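Read the structure below first, then the notes.
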Amino acid sequence: MSRFAQFGPKFRQYGASSARMFLYCAVPTACFIHTVFDYAGEITPSFGPSMLPTLNMAGDMLMIERLPGWRKRLQVGDLVAFTTPYDPARRAVKRLLAEAGDTVCVDPKSKHPSFLVVPKGHVWLQGDNFNNSTDSRVYGPIPLGLLHGRVTWCVWPSPRRISNGAEILPGHFSDS
C-alpha cells in the first residue's frame, strides 16, 4: 500500500491538481525566463581592473543585449561580453577594437611592433586599461561564436548607458 493511499482519493485528487497547477505556472515562467536570457538579454556582473575607467573595478552589473541581429549591429568601440578562450567557465567584458579584415598592432608598446589581420569570423578585443588587461593580445583573435552579447547599460551601482567608445584621432589615419 502506498503512503498516499491511506489518505484516500481526496488527497490524491488534490495532490494531482496541485502538481498540475505547479506545472501550469512553473513551466511557462521557466520558458519565459529561458527565452529572455537566451534571445533578448541578461544582466551579468563585471569585476576587475581591465576596463578602468569605463567600468568599476569593484564590480558593475551590466545589461547584455542579445536581440536578434545583435552581431550585425556590432561596431568598433562597443563593449562585448564573451567566454575566454583559455577558460570556458570564465566570462569577460572587453572593447571591440577590430573586426574581420582589419589590421591591428598586437603590442604598440613593443620596440618591434607586429601587425596582424583579423581573420574572417573573428574580432579583436582589448581592455580599456591597456597595462592591466588579459585580452586579444594574449588570446589572439576571438571567434564570433564566443561572444555572448553587446553591453548596453550599467544597471548598478551607477545606472548609465554604455555608449560606443570609438574615437577617431584627426590627422592620424587616412583611407589612402
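Each chain in the C-alpha cells gets a letter, A, B, ..., in the order shown, and its residues are numbered from 1; ligands are numbered from 1 in order too.
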
Shell of 10 Å around region 70-74 of chain A, only C-alpha atoms, local chain residues under 2 positions omitted, as a ChimeraX atom specification: /A:40,65-68,76-80,96,99,144,147-150,164

Spatial neighbours of Gly48 (chain A), max dist 12 Å, only C-alpha atoms, sep filter under 5 positions, as a list in words: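 Listing them by chain and then by number gives Pro53, Thr54, Leu55, Asn56, Met57, Ala58, Gly59, Asp60, Arg91, Ala92, Val93, Lys94, Gly127, Asp128, Asn129, Asn132, Ser133 and Thr134 of chain A.
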
Exercise: Val117 (chain A) partners within 10 Å, only C-alpha atoms, chain neighbours under 2 positions left out, as number ranges by chain: A: 98-106, 115, 119-120, 124, 141

Which residue of A:Cys154, A:Ile162, A:Ile43, A:Val123 approaches Ser136 (chain A) most closely, using only C-alpha atoms: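 Among the listed residues, the smallest separation from Ser136 (chain A) belongs to A:Val123.
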
Å distance separating CA of Trp153 (chain A) from CA of Leu62 (chain A), one decimal place: 5.8 Å

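One distance worth recording is that between CA of Arg90 (chain A) and CA of Leu125 (chain A), which is 15.5 Å.
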